[in-house]
$ cat coords30.cif   # mmCIF, N, CA and C atoms and all ligand atoms
data_work
#
loop_
_atom_site.group_PDB
_atom_site.id
_atom_site.type_symbol
_atom_site.label_atom_id
_atom_site.label_comp_id
_atom_site.auth_asym_id
_atom_site.auth_seq_id
_atom_site.Cartn_x
_atom_site.Cartn_y
_atom_site.Cartn_z
ATOM 1 N N MET A 223 -15.208 -14.472 -0.056
ATOM 2 C CA MET A 223 -14.966 -14.006 1.286
ATOM 3 C C MET A 223 -16.154 -14.365 2.153
ATOM 4 N N ARG A 224 -15.915 -14.437 3.441
ATOM 5 C CA ARG A 224 -17.010 -14.686 4.374
ATOM 6 C C ARG A 224 -17.541 -13.354 4.871
ATOM 7 N N ALA A 225 -18.859 -13.288 5.017
ATOM 8 C CA ALA A 225 -19.480 -12.034 5.433
ATOM 9 C C ALA A 225 -20.735 -12.320 6.252
ATOM 10 N N ALA A 226 -21.098 -11.364 7.093
ATOM 11 C CA ALA A 226 -22.367 -11.423 7.824
ATOM 12 C C ALA A 226 -23.443 -10.854 6.905
ATOM 13 N N VAL A 227 -24.346 -11.716 6.449
ATOM 14 C CA VAL A 227 -25.333 -11.323 5.448
ATOM 15 C C VAL A 227 -26.724 -11.339 6.070
ATOM 16 N N LEU A 228 -27.434 -10.229 5.896
ATOM 17 C CA LEU A 228 -28.819 -10.122 6.357
ATOM 18 C C LEU A 228 -29.742 -10.266 5.153
ATOM 19 N N HIS A 229 -30.649 -11.250 5.210
ATOM 20 C CA HIS A 229 -31.583 -11.482 4.102
ATOM 21 C C HIS A 229 -32.966 -10.910 4.381
ATOM 22 N N GLU A 230 -33.363 -10.871 5.680
ATOM 23 C CA GLU A 230 -34.684 -10.348 6.049
ATOM 24 C C GLU A 230 -34.547 -9.512 7.307
ATOM 25 N N HIS A 231 -35.276 -8.395 7.360
ATOM 26 C CA HIS A 231 -35.289 -7.583 8.567
ATOM 27 C C HIS A 231 -35.852 -8.395 9.732
ATOM 28 N N ARG A 232 -35.310 -8.125 10.893
ATOM 29 C CA ARG A 232 -35.740 -8.747 12.155
ATOM 30 C C ARG A 232 -35.554 -10.264 12.170
ATOM 31 N N ARG A 233 -34.634 -10.762 11.355
ATOM 32 C CA ARG A 233 -34.276 -12.181 11.334
ATOM 33 C C ARG A 233 -32.773 -12.274 11.573
ATOM 34 N N PRO A 234 -32.272 -13.387 12.093
ATOM 35 C CA PRO A 234 -30.824 -13.516 12.309
ATOM 36 C C PRO A 234 -30.054 -13.410 10.986
ATOM 37 N N PHE A 235 -28.867 -12.783 11.055
ATOM 38 C CA PHE A 235 -28.006 -12.772 9.870
ATOM 39 C C PHE A 235 -27.223 -14.079 9.826
ATOM 40 N N ALA A 236 -26.625 -14.368 8.687
ATOM 41 C CA ALA A 236 -25.873 -15.606 8.491
ATOM 42 C C ALA A 236 -24.461 -15.281 8.030
ATOM 43 N N ILE A 237 -23.501 -16.084 8.473
ATOM 44 C CA ILE A 237 -22.136 -15.968 7.968
ATOM 45 C C ILE A 237 -22.057 -16.831 6.714
ATOM 46 N N GLU A 238 -21.801 -16.184 5.587
ATOM 47 C CA GLU A 238 -21.854 -16.866 4.285
ATOM 48 C C GLU A 238 -20.648 -16.504 3.437
ATOM 49 N N GLU A 239 -20.369 -17.345 2.463
ATOM 50 C CA GLU A 239 -19.381 -17.017 1.439
ATOM 51 C C GLU A 239 -20.068 -16.131 0.395
ATOM 52 N N VAL A 240 -19.448 -15.031 0.042
ATOM 53 C CA VAL A 240 -19.982 -14.143 -0.991
ATOM 54 C C VAL A 240 -18.874 -13.854 -2.001
ATOM 55 N N ASP A 241 -19.277 -13.580 -3.230
ATOM 56 C CA ASP A 241 -18.319 -13.224 -4.278
ATOM 57 C C ASP A 241 -18.258 -11.708 -4.392
ATOM 58 N N LEU A 242 -17.059 -11.211 -4.608
ATOM 59 C CA LEU A 242 -16.864 -9.781 -4.807
ATOM 60 C C LEU A 242 -16.518 -9.513 -6.260
ATOM 61 N N ALA A 243 -17.115 -8.477 -6.811
ATOM 62 C CA ALA A 243 -16.690 -8.001 -8.125
ATOM 63 C C ALA A 243 -15.373 -7.251 -7.935
ATOM 64 N N PRO A 244 -14.562 -7.171 -8.969
ATOM 65 C CA PRO A 244 -13.340 -6.370 -8.847
ATOM 66 C C PRO A 244 -13.705 -4.922 -8.508
ATOM 67 N N PRO A 245 -12.803 -4.200 -7.833
ATOM 68 C CA PRO A 245 -13.110 -2.815 -7.481
ATOM 69 C C PRO A 245 -13.391 -1.978 -8.731
ATOM 70 N N GLY A 246 -14.465 -1.222 -8.675
ATOM 71 C CA GLY A 246 -14.835 -0.346 -9.784
ATOM 72 C C GLY A 246 -14.243 1.043 -9.610
ATOM 73 N N GLN A 247 -14.745 1.969 -10.393
ATOM 74 C CA GLN A 247 -14.276 3.351 -10.356
ATOM 75 C C GLN A 247 -14.360 3.910 -8.934
ATOM 76 N N GLY A 248 -13.240 4.340 -8.418
ATOM 77 C CA GLY A 248 -13.202 4.973 -7.101
ATOM 78 C C GLY A 248 -13.344 4.009 -5.939
ATOM 79 N N GLU A 249 -13.287 2.706 -6.186
ATOM 80 C CA GLU A 249 -13.458 1.720 -5.115
ATOM 81 C C GLU A 249 -12.131 1.054 -4.754
ATOM 82 N N VAL A 250 -12.081 0.528 -3.536
ATOM 83 C CA VAL A 250 -10.898 -0.148 -3.016
ATOM 84 C C VAL A 250 -11.344 -1.468 -2.408
ATOM 85 N N GLU A 251 -10.594 -2.534 -2.639
ATOM 86 C CA GLU A 251 -10.881 -3.823 -2.007
ATOM 87 C C GLU A 251 -9.967 -3.981 -0.804
ATOM 88 N N VAL A 252 -10.569 -4.200 0.369
ATOM 89 C CA VAL A 252 -9.823 -4.346 1.617
ATOM 90 C C VAL A 252 -10.107 -5.725 2.193
ATOM 91 N N ARG A 253 -9.058 -6.489 2.470
ATOM 92 C CA ARG A 253 -9.227 -7.767 3.177
ATOM 93 C C ARG A 253 -9.254 -7.448 4.663
ATOM 94 N N LEU A 254 -10.448 -7.533 5.255
ATOM 95 C CA LEU A 254 -10.602 -7.167 6.660
ATOM 96 C C LEU A 254 -9.997 -8.225 7.566
ATOM 97 N N HIS A 255 -9.243 -7.775 8.529
ATOM 98 C CA HIS A 255 -8.701 -8.663 9.556
ATOM 99 C C HIS A 255 -9.618 -8.692 10.767
ATOM 100 N N ALA A 256 -10.334 -7.607 10.964
ATOM 101 C CA ALA A 256 -11.286 -7.522 12.079
ATOM 102 C C ALA A 256 -12.405 -6.567 11.689
ATOM 103 N N SER A 257 -13.612 -6.881 12.135
ATOM 104 C CA SER A 257 -14.748 -6.013 11.866
ATOM 105 C C SER A 257 -15.763 -6.196 12.978
ATOM 106 N N GLY A 258 -16.545 -5.178 13.220
ATOM 107 C CA GLY A 258 -17.579 -5.273 14.237
ATOM 108 C C GLY A 258 -18.945 -5.019 13.637
ATOM 109 N N VAL A 259 -19.956 -5.477 14.324
ATOM 110 C CA VAL A 259 -21.335 -5.164 13.963
ATOM 111 C C VAL A 259 -21.815 -4.168 15.007
ATOM 112 N N CYS A 260 -22.124 -2.959 14.575
ATOM 113 C CA CYS A 260 -22.398 -1.866 15.508
ATOM 114 C C CYS A 260 -23.893 -1.543 15.551
ATOM 115 N N ARG A 261 -24.199 -0.472 16.258
ATOM 116 C CA ARG A 261 -25.584 -0.022 16.407
ATOM 117 C C ARG A 261 -26.223 0.307 15.048
ATOM 118 N N SER A 262 -25.446 0.889 14.161
ATOM 119 C CA SER A 262 -25.978 1.191 12.820
ATOM 120 C C SER A 262 -26.367 -0.096 12.100
ATOM 121 N N ASP A 263 -25.544 -1.127 12.241
ATOM 122 C CA ASP A 263 -25.878 -2.413 11.632
ATOM 123 C C ASP A 263 -27.144 -2.985 12.264
ATOM 124 N N TRP A 264 -27.266 -2.814 13.569
ATOM 125 C CA TRP A 264 -28.472 -3.302 14.246
ATOM 126 C C TRP A 264 -29.713 -2.603 13.704
ATOM 127 N N SER A 265 -29.588 -1.304 13.386
ATOM 128 C CA SER A 265 -30.715 -0.572 12.794
ATOM 129 C C SER A 265 -31.067 -1.132 11.417
ATOM 130 N N THR A 266 -30.072 -1.642 10.724
ATOM 131 C CA THR A 266 -30.345 -2.314 9.448
ATOM 132 C C THR A 266 -31.089 -3.617 9.707
ATOM 133 N N VAL A 267 -30.662 -4.357 10.727
ATOM 134 C CA VAL A 267 -31.318 -5.627 11.062
ATOM 135 C C VAL A 267 -32.785 -5.382 11.405
ATOM 136 N N THR A 268 -33.054 -4.356 12.209
ATOM 137 C CA THR A 268 -34.423 -4.098 12.641
ATOM 138 C C THR A 268 -35.268 -3.455 11.542
ATOM 139 N N GLY A 269 -34.612 -2.871 10.532
ATOM 140 C CA GLY A 269 -35.332 -2.173 9.477
ATOM 141 C C GLY A 269 -35.542 -0.710 9.787
ATOM 142 N N ASP A 270 -35.048 -0.235 10.944
ATOM 143 C CA ASP A 270 -35.187 1.179 11.287
ATOM 144 C C ASP A 270 -34.400 2.066 10.322
ATOM 145 N N THR A 271 -33.299 1.555 9.795
ATOM 146 C CA THR A 271 -32.557 2.242 8.736
ATOM 147 C C THR A 271 -32.841 1.504 7.441
ATOM 148 N N PRO A 272 -33.617 2.130 6.552
ATOM 149 C CA PRO A 272 -33.960 1.440 5.307
ATOM 150 C C PRO A 272 -32.704 1.121 4.504
ATOM 151 N N SER A 273 -32.605 -0.118 4.047
ATOM 152 C CA SER A 273 -31.489 -0.505 3.186
ATOM 153 C C SER A 273 -31.931 -1.688 2.347
ATOM 154 N N PRO A 274 -31.422 -1.765 1.131
ATOM 155 C CA PRO A 274 -31.789 -2.900 0.290
ATOM 156 C C PRO A 274 -31.206 -4.188 0.855
ATOM 157 N N LEU A 275 -31.939 -5.278 0.690
ATOM 158 C CA LEU A 275 -31.484 -6.593 1.145
ATOM 159 C C LEU A 275 -31.277 -7.509 -0.049
ATOM 160 N N PRO A 276 -30.369 -8.472 0.018
ATOM 161 C CA PRO A 276 -29.523 -8.757 1.172
ATOM 162 C C PRO A 276 -28.468 -7.671 1.384
ATOM 163 N N ALA A 277 -28.037 -7.542 2.646
ATOM 164 C CA ALA A 277 -27.032 -6.550 3.021
ATOM 165 C C ALA A 277 -25.902 -7.237 3.779
ATOM 166 N N VAL A 278 -24.689 -6.787 3.536
ATOM 167 C CA VAL A 278 -23.527 -7.257 4.293
ATOM 168 C C VAL A 278 -23.319 -6.289 5.450
ATOM 169 N N LEU A 279 -23.284 -6.829 6.660
ATOM 170 C CA LEU A 279 -23.132 -6.009 7.863
ATOM 171 C C LEU A 279 -21.653 -5.864 8.219
ATOM 172 N N GLY A 280 -21.363 -4.866 9.048
ATOM 173 C CA GLY A 280 -19.992 -4.673 9.524
ATOM 174 C C GLY A 280 -19.237 -3.686 8.664
ATOM 175 N N HIS A 281 -19.463 -2.390 8.889
ATOM 176 C CA HIS A 281 -18.837 -1.369 8.046
ATOM 177 C C HIS A 281 -17.649 -0.694 8.729
ATOM 178 N N GLU A 282 -17.212 -1.217 9.853
ATOM 179 C CA GLU A 282 -16.061 -0.639 10.557
ATOM 180 C C GLU A 282 -15.066 -1.760 10.841
ATOM 181 N N GLY A 283 -13.812 -1.542 10.522
ATOM 182 C CA GLY A 283 -12.829 -2.583 10.756
ATOM 183 C C GLY A 283 -11.436 -2.145 10.371
ATOM 184 N N ALA A 284 -10.554 -3.121 10.318
ATOM 185 C CA ALA A 284 -9.175 -2.865 9.916
ATOM 186 C C ALA A 284 -8.722 -4.002 9.015
ATOM 187 N N GLY A 285 -7.949 -3.661 7.995
ATOM 188 C CA GLY A 285 -7.484 -4.678 7.078
ATOM 189 C C GLY A 285 -6.444 -4.139 6.123
ATOM 190 N N VAL A 286 -6.130 -4.957 5.131
ATOM 191 C CA VAL A 286 -5.083 -4.633 4.171
ATOM 192 C C VAL A 286 -5.726 -4.319 2.824
ATOM 193 N N VAL A 287 -5.317 -3.221 2.221
ATOM 194 C CA VAL A 287 -5.782 -2.884 0.881
ATOM 195 C C VAL A 287 -5.178 -3.882 -0.100
ATOM 196 N N GLU A 288 -6.047 -4.592 -0.813
ATOM 197 C CA GLU A 288 -5.550 -5.598 -1.759
ATOM 198 C C GLU A 288 -5.550 -5.096 -3.196
ATOM 199 N N ARG A 289 -6.613 -4.383 -3.588
ATOM 200 C CA ARG A 289 -6.686 -3.887 -4.963
ATOM 201 C C ARG A 289 -7.374 -2.533 -4.955
ATOM 202 N N VAL A 290 -7.023 -1.710 -5.913
ATOM 203 C CA VAL A 290 -7.697 -0.428 -6.074
ATOM 204 C C VAL A 290 -8.277 -0.346 -7.470
ATOM 205 N N GLY A 291 -9.404 0.317 -7.578
ATOM 206 C CA GLY A 291 -10.053 0.483 -8.869
ATOM 207 C C GLY A 291 -9.548 1.711 -9.580
ATOM 208 N N PRO A 292 -10.033 1.911 -10.815
ATOM 209 C CA PRO A 292 -9.640 3.090 -11.574
ATOM 210 C C PRO A 292 -10.041 4.371 -10.845
ATOM 211 N N GLY A 293 -9.219 5.374 -10.963
ATOM 212 C CA GLY A 293 -9.531 6.667 -10.376
ATOM 213 C C GLY A 293 -9.146 6.813 -8.924
ATOM 214 N N VAL A 294 -8.553 5.786 -8.328
ATOM 215 C CA VAL A 294 -8.110 5.873 -6.933
ATOM 216 C C VAL A 294 -6.634 6.234 -6.948
ATOM 217 N N GLY A 295 -6.324 7.409 -6.400
ATOM 218 C CA GLY A 295 -4.939 7.844 -6.447
ATOM 219 C C GLY A 295 -4.281 7.979 -5.098
ATOM 220 N N SER A 296 -5.071 8.029 -4.044
ATOM 221 C CA SER A 296 -4.487 8.322 -2.738
ATOM 222 C C SER A 296 -4.314 7.080 -1.878
ATOM 223 N N VAL A 297 -4.688 5.917 -2.371
ATOM 224 C CA VAL A 297 -4.553 4.664 -1.626
ATOM 225 C C VAL A 297 -3.895 3.653 -2.548
ATOM 226 N N GLU A 298 -3.008 2.865 -2.000
ATOM 227 C CA GLU A 298 -2.388 1.805 -2.796
ATOM 228 C C GLU A 298 -2.381 0.519 -1.988
ATOM 229 N N PRO A 299 -2.277 -0.625 -2.654
ATOM 230 C CA PRO A 299 -2.282 -1.896 -1.936
ATOM 231 C C PRO A 299 -1.174 -1.966 -0.906
ATOM 232 N N GLY A 300 -1.462 -2.622 0.196
ATOM 233 C CA GLY A 300 -0.426 -2.876 1.177
ATOM 234 C C GLY A 300 -0.815 -2.659 2.618
ATOM 235 N N PRO A 301 -0.545 -1.482 3.131
ATOM 236 C CA PRO A 301 -0.608 -1.320 4.580
ATOM 237 C C PRO A 301 -1.989 -1.550 5.174
ATOM 238 N N VAL A 302 -1.998 -1.877 6.446
ATOM 239 C CA VAL A 302 -3.247 -2.022 7.192
ATOM 240 C C VAL A 302 -3.916 -0.656 7.288
ATOM 241 N N ARG A 303 -5.194 -0.636 7.049
ATOM 242 C CA ARG A 303 -5.983 0.600 7.091
ATOM 243 C C ARG A 303 -7.185 0.386 7.983
ATOM 244 N N LEU A 304 -7.713 1.482 8.461
ATOM 245 C CA LEU A 304 -8.991 1.447 9.163
ATOM 246 C C LEU A 304 -10.077 1.762 8.154
ATOM 247 N N VAL A 305 -11.198 1.087 8.271
ATOM 248 C CA VAL A 305 -12.305 1.272 7.339
ATOM 249 C C VAL A 305 -13.537 1.645 8.140
ATOM 250 N N ARG A 306 -14.232 2.687 7.680
ATOM 251 C CA ARG A 306 -15.472 3.100 8.335
ATOM 252 C C ARG A 306 -16.476 3.451 7.254
ATOM 253 N N ALA A 307 -17.596 2.782 7.292
ATOM 254 C CA ALA A 307 -18.697 3.054 6.367
ATOM 255 C C ALA A 307 -18.213 3.096 4.920
ATOM 256 N N GLY A 308 -17.333 2.180 4.579
ATOM 257 C CA GLY A 308 -16.857 2.116 3.214
ATOM 258 C C GLY A 308 -15.819 3.167 2.887
ATOM 259 N N VAL A 309 -15.356 3.878 3.895
ATOM 260 C CA VAL A 309 -14.356 4.931 3.690
ATOM 261 C C VAL A 309 -13.052 4.472 4.329
ATOM 262 N N ILE A 310 -11.959 4.655 3.631
ATOM 263 C CA ILE A 310 -10.661 4.267 4.189
ATOM 264 C C ILE A 310 -10.077 5.445 4.947
ATOM 265 N N LEU A 311 -9.616 5.150 6.134
ATOM 266 C CA LEU A 311 -9.056 6.190 6.985
ATOM 267 C C LEU A 311 -7.578 5.925 7.210
ATOM 268 N N ARG A 312 -6.870 6.944 7.530
ATOM 269 C CA ARG A 312 -5.487 6.770 7.946
ATOM 270 C C ARG A 312 -5.186 7.851 8.976
ATOM 271 N N GLN A 313 -4.093 7.677 9.628
ATOM 272 C CA GLN A 313 -3.662 8.652 10.611
ATOM 273 C C GLN A 313 -2.533 9.463 9.995
ATOM 274 N N ASP A 314 -2.586 10.768 10.127
ATOM 275 C CA ASP A 314 -1.460 11.550 9.660
ATOM 276 C C ASP A 314 -0.416 11.631 10.775
ATOM 277 N N ARG A 315 0.639 12.347 10.548
ATOM 278 C CA ARG A 315 1.711 12.343 11.544
ATOM 279 C C ARG A 315 1.322 13.043 12.831
ATOM 280 N N HIS A 316 0.200 13.744 12.831
ATOM 281 C CA HIS A 316 -0.300 14.375 14.055
ATOM 282 C C HIS A 316 -1.420 13.547 14.674
ATOM 283 N N ASP A 317 -1.569 12.296 14.203
ATOM 284 C CA ASP A 317 -2.560 11.368 14.719
ATOM 285 C C ASP A 317 -3.987 11.845 14.518
ATOM 286 N N ARG A 318 -4.198 12.667 13.514
ATOM 287 C CA ARG A 318 -5.563 13.032 13.169
ATOM 288 C C ARG A 318 -6.064 12.004 12.163
ATOM 289 N N GLU A 319 -7.339 11.685 12.256
ATOM 290 C CA GLU A 319 -7.914 10.743 11.322
ATOM 291 C C GLU A 319 -8.224 11.483 10.028
ATOM 292 N N LEU A 320 -7.768 10.957 8.908
ATOM 293 C CA LEU A 320 -7.991 11.597 7.619
ATOM 294 C C LEU A 320 -8.923 10.754 6.782
ATOM 295 N N ASP A 321 -9.833 11.401 6.107
ATOM 296 C CA ASP A 321 -10.704 10.732 5.152
ATOM 297 C C ASP A 321 -10.044 10.861 3.798
ATOM 298 N N ILE A 322 -9.602 9.763 3.244
ATOM 299 C CA ILE A 322 -8.871 9.819 1.974
ATOM 300 C C ILE A 322 -9.622 9.112 0.868
ATOM 301 N N SER A 323 -10.944 9.005 1.010
ATOM 302 C CA SER A 323 -11.722 8.335 -0.037
ATOM 303 C C SER A 323 -11.801 9.223 -1.258
HETATM 304 ZN ZN ZN B 401 -20.969 1.662 12.759
#

$ encode --input "coords30.cif" --output "structure tokens"
Amino acid sequence: MRAAVLHEHRRPFAIEEVDLAPPGQGEVEVRLHASGVCRSDWSTVTGDTPSPLPAVLGHEGAGVVERVGPGVGSVEPGPVRLVRAGVILRQDRHDRELDIS
């Protein structure tokens, strides 16, 4: 997959091909259709938010669940989902955002 990868703080990130391991315990693989780089990501770029490098930026987006790992019972492959900080969200019938991670 292509991703925005940061190798050094305060340096430009690069769009690169990266390999993904299959989803592990409690993890879900989402093929993102759209993603943004937000203020939190910028804090990672500047180093104001400590994080190990290299880091993949863009933790908010929308995409399709492709695979689920062991122990995931509330999400299944298919529909478009919203993703925030590695958490999958959905809307219930009252349009409330639910955290179903
Ligand atoms: Zn954000």

$ closest_residue --input "coords30.cif" --among "A:Gly280, A:Gly248, A:Gly295, A:Pro301" --to "ligand ZN 401 (chain B)" --atoms "only C-alpha atoms and all ligand atoms"
A:Gly280

$ residues_near_ligand --input "coords30.cif" --ligand "ligand ZN 401 (chain B)" --cutoff "6 Å" --atoms "all atoms listed in the file" --output "number ranges by chain"
A: 260-263, 281-282

$ select_by_dssp --input "coords30.cif" --residues "chain A" --states "alpha helix (DSSP H)" --output "compact mmCIF listing (two decimals) with N, CA and C atoms, in the coordinates of the input"
# COMPACT_ATOMS: atom_id res chain seq x y z
N ARG A 261 -24.20 -0.47 16.26
CA ARG A 261 -25.58 -0.02 16.41
C ARG A 261 -26.22 0.31 15.05
N SER A 262 -25.45 0.89 14.16
CA SER A 262 -25.98 1.19 12.82
C SER A 262 -26.37 -0.10 12.10
N ASP A 263 -25.54 -1.13 12.24
CA ASP A 263 -25.88 -2.41 11.63
C ASP A 263 -27.14 -2.98 12.26
N TRP A 264 -27.27 -2.81 13.57
CA TRP A 264 -28.47 -3.30 14.25
C TRP A 264 -29.71 -2.60 13.70
N SER A 265 -29.59 -1.30 13.39
CA SER A 265 -30.72 -0.57 12.79
C SER A 265 -31.07 -1.13 11.42
N THR A 266 -30.07 -1.64 10.72
CA THR A 266 -30.34 -2.31 9.45
C THR A 266 -31.09 -3.62 9.71
N VAL A 267 -30.66 -4.36 10.73
CA VAL A 267 -31.32 -5.63 11.06
C VAL A 267 -32.78 -5.38 11.40
N THR A 268 -33.05 -4.36 12.21
CA THR A 268 -34.42 -4.10 12.64
C THR A 268 -35.27 -3.46 11.54

$ closest_residue --input "coords30.cif" --among "A:Met223, A:Pro292, A:Val305, A:Ser273" --to "Leu242 in chain A" --atoms "all atoms listed in the file"
A:Met223

$ atom_distance --input "coords30.cif" --atom1 "CA of Val290 in chain A" --atom2 "CA of Leu304 in chain A"
15.4 Å

$ select_by_dssp --input "coords30.cif" --residues "chain A" --states "strand (DSSP E or B)" --output "ChimeraX atom specification"
/A:224-228,236-239,250-258,277-279,282-290,302-306,309-313,319-321

$ write_last_selection --input "coords30.cif" --atoms "N, CA and C atoms" --output "tab-separated table (two decimals), keeping the file's coordinate frame"
chain	number	residue	atom	x	y	z
A	224	ARG	N	-15.92	-14.44	3.44
A	224	ARG	CA	-17.01	-14.69	4.37
A	224	ARG	C	-17.54	-13.35	4.87
A	225	ALA	N	-18.86	-13.29	5.02
A	225	ALA	CA	-19.48	-12.03	5.43
A	225	ALA	C	-20.74	-12.32	6.25
A	226	ALA	N	-21.10	-11.36	7.09
A	226	ALA	CA	-22.37	-11.42	7.82
A	226	ALA	C	-23.44	-10.85	6.90
A	227	VAL	N	-24.35	-11.72	6.45
A	227	VAL	CA	-25.33	-11.32	5.45
A	227	VAL	C	-26.72	-11.34	6.07
A	228	LEU	N	-27.43	-10.23	5.90
A	228	LEU	CA	-28.82	-10.12	6.36
A	228	LEU	C	-29.74	-10.27	5.15
A	236	ALA	N	-26.62	-14.37	8.69
A	236	ALA	CA	-25.87	-15.61	8.49
A	236	ALA	C	-24.46	-15.28	8.03
A	237	ILE	N	-23.50	-16.08	8.47
A	237	ILE	CA	-22.14	-15.97	7.97
A	237	ILE	C	-22.06	-16.83	6.71
A	238	GLU	N	-21.80	-16.18	5.59
A	238	GLU	CA	-21.85	-16.87	4.28
A	238	GLU	C	-20.65	-16.50	3.44
A	239	GLU	N	-20.37	-17.34	2.46
A	239	GLU	CA	-19.38	-17.02	1.44
A	239	GLU	C	-20.07	-16.13	0.40
A	250	VAL	N	-12.08	0.53	-3.54
A	250	VAL	CA	-10.90	-0.15	-3.02
A	250	VAL	C	-11.34	-1.47	-2.41
A	251	GLU	N	-10.59	-2.53	-2.64
A	251	GLU	CA	-10.88	-3.82	-2.01
A	251	GLU	C	-9.97	-3.98	-0.80
A	252	VAL	N	-10.57	-4.20	0.37
A	252	VAL	CA	-9.82	-4.35	1.62
A	252	VAL	C	-10.11	-5.72	2.19
A	253	ARG	N	-9.06	-6.49	2.47
A	253	ARG	CA	-9.23	-7.77	3.18
A	253	ARG	C	-9.25	-7.45	4.66
A	254	LEU	N	-10.45	-7.53	5.26
A	254	LEU	CA	-10.60	-7.17	6.66
A	254	LEU	C	-10.00	-8.22	7.57
A	255	HIS	N	-9.24	-7.78	8.53
A	255	HIS	CA	-8.70	-8.66	9.56
A	255	HIS	C	-9.62	-8.69	10.77
A	256	ALA	N	-10.33	-7.61	10.96
A	256	ALA	CA	-11.29	-7.52	12.08
A	256	ALA	C	-12.40	-6.57	11.69
A	257	SER	N	-13.61	-6.88	12.14
A	257	SER	CA	-14.75	-6.01	11.87
A	257	SER	C	-15.76	-6.20	12.98
A	258	GLY	N	-16.55	-5.18	13.22
A	258	GLY	CA	-17.58	-5.27	14.24
A	258	GLY	C	-18.94	-5.02	13.64
A	277	ALA	N	-28.04	-7.54	2.65
A	277	ALA	CA	-27.03	-6.55	3.02
A	277	ALA	C	-25.90	-7.24	3.78
A	278	VAL	N	-24.69	-6.79	3.54
A	278	VAL	CA	-23.53	-7.26	4.29
A	278	VAL	C	-23.32	-6.29	5.45
A	279	LEU	N	-23.28	-6.83	6.66
A	279	LEU	CA	-23.13	-6.01	7.86
A	279	LEU	C	-21.65	-5.86	8.22
A	282	GLU	N	-17.21	-1.22	9.85
A	282	GLU	CA	-16.06	-0.64	10.56
A	282	GLU	C	-15.07	-1.76	10.84
A	283	GLY	N	-13.81	-1.54	10.52
A	283	GLY	CA	-12.83	-2.58	10.76
A	283	GLY	C	-11.44	-2.14	10.37
A	284	ALA	N	-10.55	-3.12	10.32
A	284	ALA	CA	-9.18	-2.86	9.92
A	284	ALA	C	-8.72	-4.00	9.02
A	285	GLY	N	-7.95	-3.66	8.00
A	285	GLY	CA	-7.48	-4.68	7.08
A	285	GLY	C	-6.44	-4.14	6.12
A	286	VAL	N	-6.13	-4.96	5.13
A	286	VAL	CA	-5.08	-4.63	4.17
A	286	VAL	C	-5.73	-4.32	2.82
A	287	VAL	N	-5.32	-3.22	2.22
A	287	VAL	CA	-5.78	-2.88	0.88
A	287	VAL	C	-5.18	-3.88	-0.10
A	288	GLU	N	-6.05	-4.59	-0.81
A	288	GLU	CA	-5.55	-5.60	-1.76
A	288	GLU	C	-5.55	-5.10	-3.20
A	289	ARG	N	-6.61	-4.38	-3.59
A	289	ARG	CA	-6.69	-3.89	-4.96
A	289	ARG	C	-7.37	-2.53	-4.96
A	290	VAL	N	-7.02	-1.71	-5.91
A	290	VAL	CA	-7.70	-0.43	-6.07
A	290	VAL	C	-8.28	-0.35	-7.47
A	302	VAL	N	-2.00	-1.88	6.45
A	302	VAL	CA	-3.25	-2.02	7.19
A	302	VAL	C	-3.92	-0.66	7.29
A	303	ARG	N	-5.19	-0.64	7.05
A	303	ARG	CA	-5.98	0.60	7.09
A	303	ARG	C	-7.18	0.39	7.98
A	304	LEU	N	-7.71	1.48	8.46
A	304	LEU	CA	-8.99	1.45	9.16
A	304	LEU	C	-10.08	1.76	8.15
A	305	VAL	N	-11.20	1.09	8.27
A	305	VAL	CA	-12.30	1.27	7.34
A	305	VAL	C	-13.54	1.64	8.14
A	306	ARG	N	-14.23	2.69	7.68
A	306	ARG	CA	-15.47	3.10	8.34
A	306	ARG	C	-16.48	3.45	7.25
A	309	VAL	N	-15.36	3.88	3.90
A	309	VAL	CA	-14.36	4.93	3.69
A	309	VAL	C	-13.05	4.47	4.33
A	310	ILE	N	-11.96	4.66	3.63
A	310	ILE	CA	-10.66	4.27	4.19
A	310	ILE	C	-10.08	5.44	4.95
A	311	LEU	N	-9.62	5.15	6.13
A	311	LEU	CA	-9.06	6.19	6.98
A	311	LEU	C	-7.58	5.92	7.21
A	312	ARG	N	-6.87	6.94	7.53
A	312	ARG	CA	-5.49	6.77	7.95
A	312	ARG	C	-5.19	7.85	8.98
A	313	GLN	N	-4.09	7.68	9.63
A	313	GLN	CA	-3.66	8.65	10.61
A	313	GLN	C	-2.53	9.46	9.99
A	319	GLU	N	-7.34	11.68	12.26
A	319	GLU	CA	-7.91	10.74	11.32
A	319	GLU	C	-8.22	11.48	10.03
A	320	LEU	N	-7.77	10.96	8.91
A	320	LEU	CA	-7.99	11.60	7.62
A	320	LEU	C	-8.92	10.75	6.78
A	321	ASP	N	-9.83	11.40	6.11
A	321	ASP	CA	-10.70	10.73	5.15
A	321	ASP	C	-10.04	10.86	3.80

$ axis_aligned_box --input "coords30.cif" --around "range 264-270 of chain A" --padding-each-side "6 Å" --output "lines of an AutoDock Vina configuration file"
center_x = -31.4
center_y = -1.8
center_z = 11.8
size_x = 20.3
size_y = 19.7
size_z = 16.8

$ atom_distance --input "coords30.cif" --atom1 "CA of Ile237 in chain A" --atom2 "CA of Val278 in chain A"
9.6 Å

$ resolve_selection --input "coords30.cif" --expression "the PyMOL selection byres (((chain A and resi 239 and name CA) around 6) and not hetatm and name CA)" --output "PyMOL selection string"
chain A and resi 223-224+238+240

$ write_last_selection --input "coords30.cif" --atoms "N, CA and C atoms" --output "compact mmCIF listing (two decimals), in the frame of the given file"
# COMPACT_ATOMS: atom_id res chain seq x y z
N MET A 223 -15.21 -14.47 -0.06
CA MET A 223 -14.97 -14.01 1.29
C MET A 223 -16.15 -14.36 2.15
N ARG A 224 -15.92 -14.44 3.44
CA ARG A 224 -17.01 -14.69 4.37
C ARG A 224 -17.54 -13.35 4.87
N GLU A 238 -21.80 -16.18 5.59
CA GLU A 238 -21.85 -16.87 4.28
C GLU A 238 -20.65 -16.50 3.44
N VAL A 240 -19.45 -15.03 0.04
CA VAL A 240 -19.98 -14.14 -0.99
C VAL A 240 -18.87 -13.85 -2.00
